[in-house]
Amino acid sequence: MKHANFKSFALAGLVLVCTAAAQADGGARVPLLPKYQQECAACHIAYLPGMLPAASWQHLMGSLQKHYGTDASLDEGSLREIGGWLQTHAGSYKRVSEAPPQDRITKSAWFLRKHNTREVPPEVWQRPAVGSASNCAACHTQAADGRFNERDIKIPR
């Protein structure tokens, strides 16, 4: 009996370690909610819910009528469905524990650390194929699939 308990405990520990490693590398990847994909990816990539803490998602979902200069309002059912899903899968690990300024992923400490001027010279953001820091898919070739691995980066010229 002790041996079976130890195996269960060891397996649970391994699952926690793997989950923490996945989250530390950009958040645990969860399948995107089809309604979220449909509504949000109509204008920009459907950002992974783990990229922002729950407080940021709550604020964003509560202010869709003025979503960064655009009216992105949703019907009540979609608002509840998407908002609930974002809350459930929001980032809760160290790198996204605090809401970034204006709830912008591109102003979060982890984003700025990963996209520092040594890694991404300021002129890159001005290139027509990039346009802004929020255009993840310009450089991250797998961004639409929620993958941001450094080996998949191709910075447009």
# chains A, B, ... in the order shown; residues from 1 in each chain; ligands from 1
>>> select_by_dssp(residues="chain A", states="helix (DSSP H, G or I)", output="NGL selection string")
:A and (2-24 or 34-40 or 49-51 or 54-62 or 64-66 or 76-89 or 94-96 or 101-103 or 105-107 or 109-114 or 122-126 or 136-138 or 143-145 or 150-152)
>>> select_by_dssp(residues="region 7-154 of chain A", states="strand (DSSP E or B)", output="list in words")
Pro53, His67, Thr70, Gly91, His140 and Ile153 of chain A
>>> write_last_selection(atoms="all heavy atoms", output="compact mmCIF listing (two decimals), in the first residue's frame")
# COMPACT_ATOMS: atom_id res chain seq x y z
N PRO A 53 -3.25 38.35 -16.25
CA PRO A 53 -3.92 37.87 -15.03
C PRO A 53 -5.43 38.07 -15.15
O PRO A 53 -5.92 38.83 -16.00
CB PRO A 53 -3.33 38.76 -13.94
CG PRO A 53 -2.95 40.02 -14.62
CD PRO A 53 -2.52 39.61 -16.01
N HIS A 67 -12.58 49.29 -26.57
CA HIS A 67 -11.46 48.36 -26.56
C HIS A 67 -10.31 48.91 -27.41
O HIS A 67 -10.27 48.72 -28.61
CB HIS A 67 -11.93 46.99 -27.08
CG HIS A 67 -10.90 45.92 -27.02
ND1 HIS A 67 -10.41 45.41 -25.85
CD2 HIS A 67 -10.28 45.23 -28.01
CE1 HIS A 67 -9.53 44.46 -26.12
NE2 HIS A 67 -9.44 44.33 -27.42
N THR A 70 -11.63 50.90 -30.25
CA THR A 70 -12.60 50.21 -31.10
C THR A 70 -13.77 49.72 -30.26
O THR A 70 -13.58 49.32 -29.12
CB THR A 70 -11.94 48.99 -31.79
OG1 THR A 70 -10.82 49.43 -32.53
CG2 THR A 70 -12.89 48.26 -32.70
N GLY A 91 -3.62 33.87 -16.57
CA GLY A 91 -2.31 33.61 -15.97
C GLY A 91 -2.37 33.78 -14.47
O GLY A 91 -2.94 34.76 -13.97
N HIS A 140 6.49 35.98 -34.77
CA HIS A 140 6.26 34.64 -34.21
C HIS A 140 5.40 33.86 -35.19
O HIS A 140 4.17 34.02 -35.22
CB HIS A 140 5.58 34.74 -32.84
CG HIS A 140 6.43 35.37 -31.79
ND1 HIS A 140 7.34 34.66 -31.04
CD2 HIS A 140 6.52 36.66 -31.38
CE1 HIS A 140 7.94 35.47 -30.20
NE2 HIS A 140 7.47 36.69 -30.39
N ILE A 153 10.84 32.14 -34.56
CA ILE A 153 10.82 33.58 -34.81
C ILE A 153 11.50 33.90 -36.15
O ILE A 153 12.58 33.38 -36.45
CB ILE A 153 11.53 34.35 -33.68
CG1 ILE A 153 10.75 34.21 -32.38
CG2 ILE A 153 11.70 35.83 -34.05
CD1 ILE A 153 11.45 34.79 -31.18
>>> closest_residue(among="A:Ser78, A:Leu112, A:Asp71, A:Glu150", to="Cys43 (chain A)", atoms="only C-alpha atoms")
A:Asp71
>>> residues_around(residues="Arg151 (chain A)", least_positions_apart="3", cutoff="12 Å", atoms="only C-alpha atoms", output="list in words")
Cys139, His140, Thr141, Gln142, Arg147, Phe148, Lys154 and Ile155 of chain A
>>> write_last_selection(atoms="N, CA and C atoms", output="tab-separated table (two decimals), in the first residue's frame")
chain	number	residue	atom	x	y	z
A	139	CYS	N	6.36	38.30	-36.32
A	139	CYS	CA	7.65	37.65	-36.07
A	139	CYS	C	7.51	36.21	-35.56
A	140	HIS	N	6.49	35.98	-34.77
A	140	HIS	CA	6.26	34.64	-34.21
A	140	HIS	C	5.40	33.86	-35.19
A	141	THR	N	6.04	33.03	-36.00
A	141	THR	CA	5.35	32.36	-37.11
A	141	THR	C	4.27	31.39	-36.66
A	142	GLN	N	4.30	30.97	-35.41
A	142	GLN	CA	3.30	30.03	-34.89
A	142	GLN	C	2.35	30.70	-33.89
A	147	ARG	N	1.82	29.33	-30.08
A	147	ARG	CA	3.20	28.91	-29.83
A	147	ARG	C	4.14	30.08	-30.10
A	148	PHE	N	5.00	30.37	-29.13
A	148	PHE	CA	5.90	31.51	-29.21
A	148	PHE	C	7.35	31.09	-28.98
A	154	LYS	N	10.83	34.74	-36.92
A	154	LYS	CA	11.40	35.23	-38.16
A	154	LYS	C	11.04	36.72	-38.24
A	155	ILE	N	12.02	37.57	-37.98
A	155	ILE	CA	11.78	39.02	-37.96
A	155	ILE	C	11.79	39.54	-39.39
>>> atom_distance(atom1="CA of Gln65 (chain A)", atom2="CA of Asp145 (chain A)")
27.0 Å
>>> closest_residue(among="A:His44, A:His89, A:Ala129, A:Asp75", to="Leu32 (chain A)", atoms="only C-alpha atoms")
A:His89
>>> closest_residue(among="A:Gly83, A:Pro128, A:Pro101, A:Pro122", to="Cys40 (chain A)", atoms="only C-alpha atoms")
A:Gly83
>>> closest_residue(among="A:Arg157, A:Gly69, A:Thr106, A:Ala99", to="Ser132 (chain A)", atoms="only C-alpha atoms")
A:Thr106
>>> atom_distance(atom1="CA of Gly131 (chain A)", atom2="CA of Lys94 (chain A)")
29.3 Å
>>> closest_residue(among="A:Val30, A:Ala41, A:Leu64, A:Met51", to="Ala137 (chain A)", atoms="only C-alpha atoms")
A:Ala41
>>> residues_around(residues="Asn116 (chain A)", least_positions_apart="6", cutoff="12 Å", atoms="only C-alpha atoms", output="MDAnalysis selection string")
chainID A and resid 106:110 122 124:125 133
>>> closest_atom_pairs(of="region 72-139 of chain A", to="region 35-39 of chain A", cutoff="12 Å", atoms="only C-alpha atoms", output="tab-separated table")
residue	atom	partner	partner_atom	distance
A:Ala72	CA	A:Glu39	CA	8.6
A:Ser73	CA	A:Glu39	CA	9.8
A:Leu74	CA	A:Glu39	CA	8.4
A:Asp75	CA	A:Glu39	CA	11.0
A:Gly77	CA	A:Lys35	CA	10.5
A:Ser78	CA	A:Lys35	CA	7.3
A:Leu79	CA	A:Tyr36	CA	9.6
A:Arg80	CA	A:Lys35	CA	11.0
A:Glu81	CA	A:Lys35	CA	8.0
A:Ile82	CA	A:Tyr36	CA	5.8
A:Gly83	CA	A:Tyr36	CA	9.1
A:Gly84	CA	A:Tyr36	CA	10.8
A:Trp85	CA	A:Tyr36	CA	8.6
A:Leu86	CA	A:Tyr36	CA	8.9
>>> write_last_selection(atoms="C-alpha atoms", output="PDB file, in the first residue's frame")
ATOM      1  CA  ALA A  72     -15.764  45.381 -29.592  1.00  0.00           C
ATOM      2  CA  SER A  73     -19.042  44.965 -27.719  1.00  0.00           C
ATOM      3  CA  LEU A  74     -20.529  41.483 -27.413  1.00  0.00           C
ATOM      4  CA  ASP A  75     -23.971  40.156 -26.649  1.00  0.00           C
ATOM      5  CA  GLY A  77     -24.249  35.412 -23.657  1.00  0.00           C
ATOM      6  CA  SER A  78     -20.935  35.732 -25.498  1.00  0.00           C
ATOM      7  CA  LEU A  79     -19.653  38.115 -22.843  1.00  0.00           C
ATOM      8  CA  ARG A  80     -20.424  35.585 -20.083  1.00  0.00           C
ATOM      9  CA  GLU A  81     -19.034  32.616 -22.024  1.00  0.00           C
ATOM     10  CA  ILE A  82     -15.784  34.279 -23.105  1.00  0.00           C
ATOM     11  CA  GLY A  83     -15.316  36.146 -19.825  1.00  0.00           C
ATOM     12  CA  GLY A  84     -15.771  32.966 -17.785  1.00  0.00           C
ATOM     13  CA  TRP A  85     -13.336  31.063 -19.973  1.00  0.00           C
ATOM     14  CA  LEU A  86     -10.725  33.837 -19.720  1.00  0.00           C
TER      15      LEU A  86
END
>>> atom_distance(atom1="CA of Ser97 (chain A)", atom2="CA of Leu52 (chain A)")
8.1 Å
